[in-house]
Amino acid sequence: MKNTVVIKKCKEYKVPDIQARIEEGLELLGGLDKFVKKGESVLLKVNCLFPSEPEKAVITHPEFVRAVVRIVKRNASKVMIGDSPGFGNFTGSKKTGYREVAMQEGAELVEFKEEGEAGSNRALVYRNFKIAGAVAAADRIINLPKLKTHGLMYMTMCVKNMFGIIVGAGKPAYHMRAGRDKMLFARMLVDLFTAKTPDLNIVDGIVAMQGNGPGGGEPAYTGVIVMGEDGFAVDHVIPQIVGLNPDRVYTNAVYRREVLGGAAPDVEIAGENIADVAYKGFKPVPGEKDTPDSKLNTGVTFGTLYRFGRDLITPKQVYLKKLCTGCRSCVKVCPVSALVYDEKKKRIICDYNKCIRCFICQEICPEKAIVIKKPLLGKILG
Ligand code: SF4
Ligand code: SF4
């Protein structure tokens with residue numbers, strides 16, 4: 001069955017424009033009533049990696065969220081905006097603009113806390129998940145990802161954004177279980193998305209993040225909104241818009257190989273054509289090449305080699321003393337306690353033997369002081 005993915009051009013965060021483009025997209029997907037019935041409660045799952053100013057392109061833009069709230073309110077009895085940031089306070093932060101939007105538009109801000117459950121019998125690896133209670137309880141989930149590069153998964157879009165429904169210590173625990181096996185982590189994300197599938201996905205690609213994403217990259221003015229009922233289909237289309245290989249995204253690769261048996265998702269594009277919105281010069285994660293035939297770095301391909309051999313070729317994060325403010329957020333989130341802050345030298349020290357290359361520290365560093373680099377030998381070997 002073909003999955004419709006709607007692409008709409010939108011250059012700025014002007015609410016009437018965003019609202020109009022999303023309304024047009026909804027019409028092409030079957031109308032709002034298909035996704036939200038009268039009187040239902042709706043949870044908007046934004047991407048708030050950590051509280052950050054909207055212009056830095058770390059979070060789903062608050063004006064984008066405002067536009068969706070206005071549309072959904074026509075049918076919903078209650079609209080919630082929720083996430084569980086890697087650090088920082090979601091409901092209390094003034095930086096993000098979400099508080100203002102919620103107050104002005106009559107929505108409720110929800111920091112994911114109490115645990116609910118989600119399960120699937122179509123699991124690749126993980127059958128059951130503990131998830132946020134608010135997500136489990138809502139009648140409808142609308143996924144509002146930010147288009148960004150991602151140090152661990154290559155890009156973060158619909159599927160990766162739903163990892164935020166895992167609360168608190170649950171997130172590091174999944175990273176620890178996967179260790180350096182990126183494919184295992186991607187399988188978990190695919191299972192989670194299958195267990196708790198959003199009703200609709202609307203990606204904020206008006207200004208994306210390129211380079212050292214998902215927390216430390218630069219804005220890219222990609223100018224698109226991409227939406228669809230099937231998040232896997234949307235995730236297959238977006239890399240093509242920014243000139244990257246969709247199969248280079250780990251979750252896409254797992255879905256294609258292990259769920260679709262090798263076939264590409266069956267997608268029908270509506271709205272704009274990919275060629276008409278194509279963004280040139282989008283920077284992937286540093287140290288990662290991207291060509292149509294570039295291969296995944298599974299993190300376990302060289303598992304039988306000696307550790308030093310493996311470390312000579314796999315990407316690793318480095319800590320830039322010049323940019324580091326010593327906030328220690330990275331130290332707190334590391335699931336294997338591989339990091340310490342050296343008071344005398346005023347820098348982060350990493351025990352790379354302990355480190356499982358989950359790149360959570362790089363994700364959440366608010367100063368762009370952690371970057372992923374590929375060693376020279378790794379670059380040569382591709
Ligand atoms: S590397 Fe980043 S997160 Fe870690 S202490 Fe420095 S500024 Fe904070
Ligand atoms: S040091 Fe960073 S990449 Fe390594 S395990 Fe800790 S959080 Fe993950």
# chains A, B, ... in the order shown; residues from 1 in each chain; ligands from 1
$ closest_atom_pairs --of "region 100-178 of chain A" --to "region 199-223 of chain A" --cutoff "10 Å" --atoms "only C-alpha atoms" --output "CSV"
residue,atom,partner,partner_atom,distance
A:Asp139,CA,A:Asp199,CA,9.6
A:Arg140,CA,A:Asp199,CA,6.2
A:Ile141,CA,A:Asp199,CA,5.5
A:Ile142,CA,A:Leu200,CA,5.0
A:Asn143,CA,A:Asn201,CA,4.6
A:Leu144,CA,A:Ile202,CA,5.1
A:Pro145,CA,A:Val203,CA,5.0
A:Lys146,CA,A:Asp204,CA,4.9
A:Leu147,CA,A:Ala208,CA,5.0
A:Lys148,CA,A:Met209,CA,4.5
A:Thr149,CA,A:Gly213,CA,4.6
A:His150,CA,A:Gly213,CA,4.8
A:Gly151,CA,A:Gly213,CA,6.2
A:Leu152,CA,A:Pro214,CA,9.3
A:Met153,CA,A:Pro214,CA,9.9
A:Tyr154,CA,A:Gly213,CA,8.7
A:Met155,CA,A:Pro214,CA,8.1
A:Thr156,CA,A:Pro214,CA,7.4
A:Met157,CA,A:Val203,CA,7.2
A:Cys158,CA,A:Asn201,CA,6.6
A:Val159,CA,A:Asn201,CA,9.6
$ write_last_selection --atoms "N, CA and C atoms" --output "CSV table (one decimal), in the first residue's frame"
chain,number,residue,atom,x,y,z
A,139,ASP,N,-5.7,10.2,23.7
A,139,ASP,CA,-6.4,9.4,22.6
A,139,ASP,C,-5.6,9.4,21.3
A,140,ARG,N,-4.9,10.6,21.1
A,140,ARG,CA,-4.1,10.7,19.8
A,140,ARG,C,-2.8,11.3,20.1
A,141,ILE,N,-1.8,10.8,19.3
A,141,ILE,CA,-0.4,11.3,19.4
A,141,ILE,C,-0.1,12.0,18.1
A,142,ILE,N,0.3,13.2,18.1
A,142,ILE,CA,0.8,13.8,16.9
A,142,ILE,C,2.3,14.1,17.1
A,143,ASN,N,3.1,13.6,16.2
A,143,ASN,CA,4.6,13.6,16.4
A,143,ASN,C,5.1,14.9,15.7
A,144,LEU,N,5.8,15.8,16.4
A,144,LEU,CA,6.3,17.0,15.7
A,144,LEU,C,7.8,17.1,15.8
A,145,PRO,N,8.5,16.2,15.0
A,145,PRO,CA,10.0,16.2,15.1
A,145,PRO,C,10.6,17.5,14.5
A,146,LYS,N,11.9,17.7,14.8
A,146,LYS,CA,12.7,18.7,14.2
A,146,LYS,C,13.6,17.9,13.2
A,147,LEU,N,13.8,18.5,12.0
A,147,LEU,CA,14.7,17.9,11.0
A,147,LEU,C,16.1,18.2,11.5
A,148,LYS,N,16.9,17.1,11.9
A,148,LYS,CA,18.3,17.4,12.4
A,148,LYS,C,19.2,16.2,12.0
A,149,THR,N,20.5,16.5,12.0
A,149,THR,CA,21.5,15.5,11.9
A,149,THR,C,21.6,14.9,13.3
A,150,HIS,N,22.1,13.6,13.4
A,150,HIS,CA,22.2,13.0,14.7
A,150,HIS,C,23.5,12.2,14.7
A,151,GLY,N,24.3,12.4,15.7
A,151,GLY,CA,25.6,11.8,15.8
A,151,GLY,C,25.6,10.3,15.9
A,152,LEU,N,24.6,9.7,16.5
A,152,LEU,CA,24.5,8.3,16.7
A,152,LEU,C,23.7,7.6,15.5
A,153,MET,N,22.5,8.2,15.2
A,153,MET,CA,21.6,7.6,14.2
A,153,MET,C,21.7,8.2,12.8
A,154,TYR,N,22.6,9.2,12.7
A,154,TYR,CA,22.8,9.9,11.4
A,154,TYR,C,21.8,11.0,11.2
A,155,MET,N,20.5,10.8,11.3
A,155,MET,CA,19.5,11.8,11.3
A,155,MET,C,18.5,11.5,12.3
A,156,THR,N,17.8,12.6,12.9
A,156,THR,CA,16.7,12.4,13.7
A,156,THR,C,15.5,13.0,13.1
A,157,MET,N,14.4,12.2,12.9
A,157,MET,CA,13.2,12.7,12.3
A,157,MET,C,12.0,12.0,13.1
A,158,CYS,N,11.1,11.4,12.4
A,158,CYS,CA,9.9,10.8,13.1
A,158,CYS,C,10.2,9.7,14.1
A,159,VAL,N,11.0,8.7,13.6
A,159,VAL,CA,11.2,7.5,14.4
A,159,VAL,C,12.0,7.8,15.7
$ residues_around --residues "Cys365 (chain A)" --least-positions-apart "5" --cutoff "9 Å" --atoms "only C-alpha atoms" --output "number ranges by chain"
A: 215-216, 324, 327-330, 360, 370
$ residues_near_ligand --ligand "ligand 1" --cutoff "12 Å" --atoms "only C-alpha atoms and all ligand atoms" --output "PyMOL selection string"
chain A and resi 50+86-87+215-216+317-334+338-343+346-350+359-371
$ residues_around --residues "region 254-257 of chain A" --least-positions-apart "3" --cutoff "9 Å" --atoms "only C-alpha atoms" --output "MDAnalysis selection string"
chainID A and resid 183 186:187 190 232 247 249:251 260:265
$ write_last_selection --atoms "C-alpha atoms" --output "mmCIF file, in the first residue's frame"
data_model
loop_
_atom_site.group_PDB
_atom_site.id
_atom_site.type_symbol
_atom_site.label_atom_id
_atom_site.label_comp_id
_atom_site.auth_asym_id
_atom_site.auth_seq_id
_atom_site.Cartn_x
_atom_site.Cartn_y
_atom_site.Cartn_z
ATOM 1 C CA MET A 183 21.915 -1.406 14.707
ATOM 2 C CA ALA A 186 18.034 1.377 15.851
ATOM 3 C CA ARG A 187 16.042 -1.872 16.203
ATOM 4 C CA VAL A 190 11.854 0.810 15.348
ATOM 5 C CA PHE A 232 8.853 5.498 8.253
ATOM 6 C CA ASP A 247 19.387 4.143 3.903
ATOM 7 C CA VAL A 249 19.860 6.563 8.572
ATOM 8 C CA TYR A 250 20.080 3.592 10.921
ATOM 9 C CA THR A 251 16.365 3.334 11.699
ATOM 10 C CA LEU A 260 10.158 -4.685 4.511
ATOM 11 C CA GLY A 261 12.519 -7.511 3.506
ATOM 12 C CA GLY A 262 14.850 -5.192 1.593
ATOM 13 C CA ALA A 263 12.283 -3.183 -0.378
ATOM 14 C CA ALA A 264 12.137 0.582 -0.117
ATOM 15 C CA PRO A 265 9.002 2.019 1.532
#
$ residues_around --residues "region 29-36 of chain A" --least-positions-apart "5" --cutoff "8 Å" --atoms "only C-alpha atoms" --output "list in words"
Thr4, Val6, Val42, Val72, Asn75, Ala76, Arg140, Asp199, Leu200, Gly228 and Glu229 of chain A
$ write_last_selection --atoms "N, CA and C atoms" --output "short mmCIF file (atom, residue, chain, number, x, y, z; two decimals), in the first residue's frame"
data_model
loop_
_atom_site.label_atom_id
_atom_site.label_comp_id
_atom_site.auth_asym_id
_atom_site.auth_seq_id
_atom_site.Cartn_x
_atom_site.Cartn_y
_atom_site.Cartn_z
N THR A 4 1.21 8.10 1.62
CA THR A 4 1.33 9.47 1.13
C THR A 4 2.20 10.30 2.06
N VAL A 6 3.40 14.24 2.33
CA VAL A 6 3.15 15.57 1.79
C VAL A 6 4.35 16.48 2.07
N VAL A 42 -5.43 15.11 22.67
CA VAL A 42 -4.31 14.99 21.72
C VAL A 42 -3.01 15.41 22.41
N VAL A 72 -5.55 21.65 15.62
CA VAL A 72 -6.06 20.48 16.34
C VAL A 72 -7.21 20.85 17.28
N ASN A 75 -11.04 20.19 16.86
CA ASN A 75 -11.71 18.92 17.21
C ASN A 75 -11.41 18.45 18.63
N ALA A 76 -10.21 18.74 19.11
CA ALA A 76 -9.78 18.13 20.38
C ALA A 76 -10.45 18.77 21.60
N ARG A 140 -4.91 10.56 21.07
CA ARG A 140 -4.15 10.69 19.82
C ARG A 140 -2.77 11.26 20.10
N ASP A 199 -0.32 8.97 15.47
CA ASP A 199 -1.41 8.99 14.48
C ASP A 199 -1.01 9.81 13.26
N LEU A 200 -0.15 10.78 13.49
CA LEU A 200 0.25 11.69 12.41
C LEU A 200 1.64 12.25 12.74
N GLY A 228 3.00 13.11 7.19
CA GLY A 228 2.43 11.86 6.71
C GLY A 228 1.96 11.01 7.87
N GLU A 229 1.11 10.04 7.53
CA GLU A 229 0.58 9.15 8.55
C GLU A 229 1.65 8.13 8.94
#
$ closest_residue --among "A:Gly271, A:Pro286, A:Gly119, A:Pro172" --to "ligand 2" --atoms "only C-alpha atoms and all ligand atoms"
A:Pro172
$ decode --residues "region 168-179 of chain A" --atoms "all heavy atoms" --output "CSV table (one decimal), in the first residue's frame"
chain,number,residue,atom,x,y,z
A,168,GLY,N,13.1,9.3,32.0
A,168,GLY,CA,14.2,9.3,33.0
A,168,GLY,C,15.3,8.3,32.7
A,168,GLY,O,15.9,8.3,31.6
A,169,ALA,N,15.5,7.4,33.7
A,169,ALA,CA,16.7,6.5,33.6
A,169,ALA,C,16.5,5.5,32.5
A,169,ALA,O,17.4,4.7,32.1
A,169,ALA,CB,16.9,5.8,34.9
A,170,GLY,N,15.2,5.4,31.9
A,170,GLY,CA,15.0,4.4,30.9
A,170,GLY,C,15.8,4.6,29.6
A,170,GLY,O,16.3,3.7,29.0
A,171,LYS,N,16.1,5.9,29.3
A,171,LYS,CA,16.8,6.2,28.1
A,171,LYS,C,18.3,5.7,28.2
A,171,LYS,O,18.7,5.0,27.3
A,171,LYS,CB,16.8,7.7,27.8
A,171,LYS,CG,15.5,8.2,27.3
A,171,LYS,CD,15.8,9.6,26.6
A,171,LYS,CE,14.5,10.3,26.4
A,171,LYS,NZ,14.0,11.2,27.4
A,172,PRO,N,19.0,6.1,29.2
A,172,PRO,CA,20.4,5.6,29.3
A,172,PRO,C,20.4,4.1,29.4
A,172,PRO,O,21.4,3.4,28.8
A,172,PRO,CB,20.9,6.2,30.6
A,172,PRO,CG,20.1,7.3,30.9
A,172,PRO,CD,18.7,7.1,30.2
A,173,ALA,N,19.4,3.5,30.0
A,173,ALA,CA,19.4,2.0,30.1
A,173,ALA,C,19.4,1.3,28.7
A,173,ALA,O,20.1,0.4,28.4
A,173,ALA,CB,18.2,1.5,30.9
A,174,TYR,N,18.6,1.9,27.8
A,174,TYR,CA,18.6,1.4,26.4
A,174,TYR,C,19.9,1.6,25.7
A,174,TYR,O,20.3,0.7,24.9
A,174,TYR,CB,17.4,2.0,25.6
A,174,TYR,CG,16.1,1.3,25.9
A,174,TYR,CD1,15.1,2.1,26.6
A,174,TYR,CD2,15.8,0.0,25.6
A,174,TYR,CE1,13.9,1.5,27.0
A,174,TYR,CE2,14.6,-0.6,25.9
A,174,TYR,CZ,13.7,0.1,26.6
A,174,TYR,OH,12.5,-0.4,26.9
A,175,HIS,N,20.5,2.7,25.9
A,175,HIS,CA,21.8,3.0,25.3
A,175,HIS,C,22.8,1.9,25.9
A,175,HIS,O,23.7,1.4,25.1
A,175,HIS,CB,22.3,4.4,25.7
A,175,HIS,CG,21.7,5.4,24.8
A,175,HIS,ND1,22.1,5.6,23.5
A,175,HIS,CD2,20.9,6.4,25.1
A,175,HIS,CE1,21.4,6.6,23.0
A,175,HIS,NE2,20.7,7.1,23.9
A,176,MET,N,22.8,1.7,27.2
A,176,MET,CA,23.7,0.7,27.7
A,176,MET,C,23.5,-0.7,27.2
A,176,MET,O,24.5,-1.4,26.9
A,176,MET,CB,23.6,0.7,29.3
A,176,MET,CG,24.2,1.9,29.9
A,176,MET,SD,24.0,1.9,31.6
A,176,MET,CE,25.1,0.6,32.1
A,177,ARG,N,22.3,-1.1,27.0
A,177,ARG,CA,22.0,-2.4,26.5
A,177,ARG,C,22.5,-2.5,25.1
A,177,ARG,O,23.0,-3.6,24.7
A,177,ARG,CB,20.5,-2.7,26.5
A,177,ARG,CG,20.1,-3.4,27.8
A,177,ARG,CD,18.6,-3.7,27.8
A,177,ARG,NE,17.9,-2.9,28.8
A,177,ARG,CZ,16.6,-2.8,28.8
A,177,ARG,NH1,15.8,-3.4,28.0
A,177,ARG,NH2,16.1,-2.0,29.8
A,178,ALA,N,22.4,-1.4,24.3
A,178,ALA,CA,22.9,-1.5,22.9
A,178,ALA,C,24.4,-1.4,22.8
A,178,ALA,O,25.0,-1.9,21.9
A,178,ALA,CB,22.3,-0.4,22.1
A,179,GLY,N,25.0,-0.8,23.8
A,179,GLY,CA,26.5,-0.6,23.8
A,179,GLY,C,26.9,0.1,22.5
A,179,GLY,O,26.3,1.1,22.1
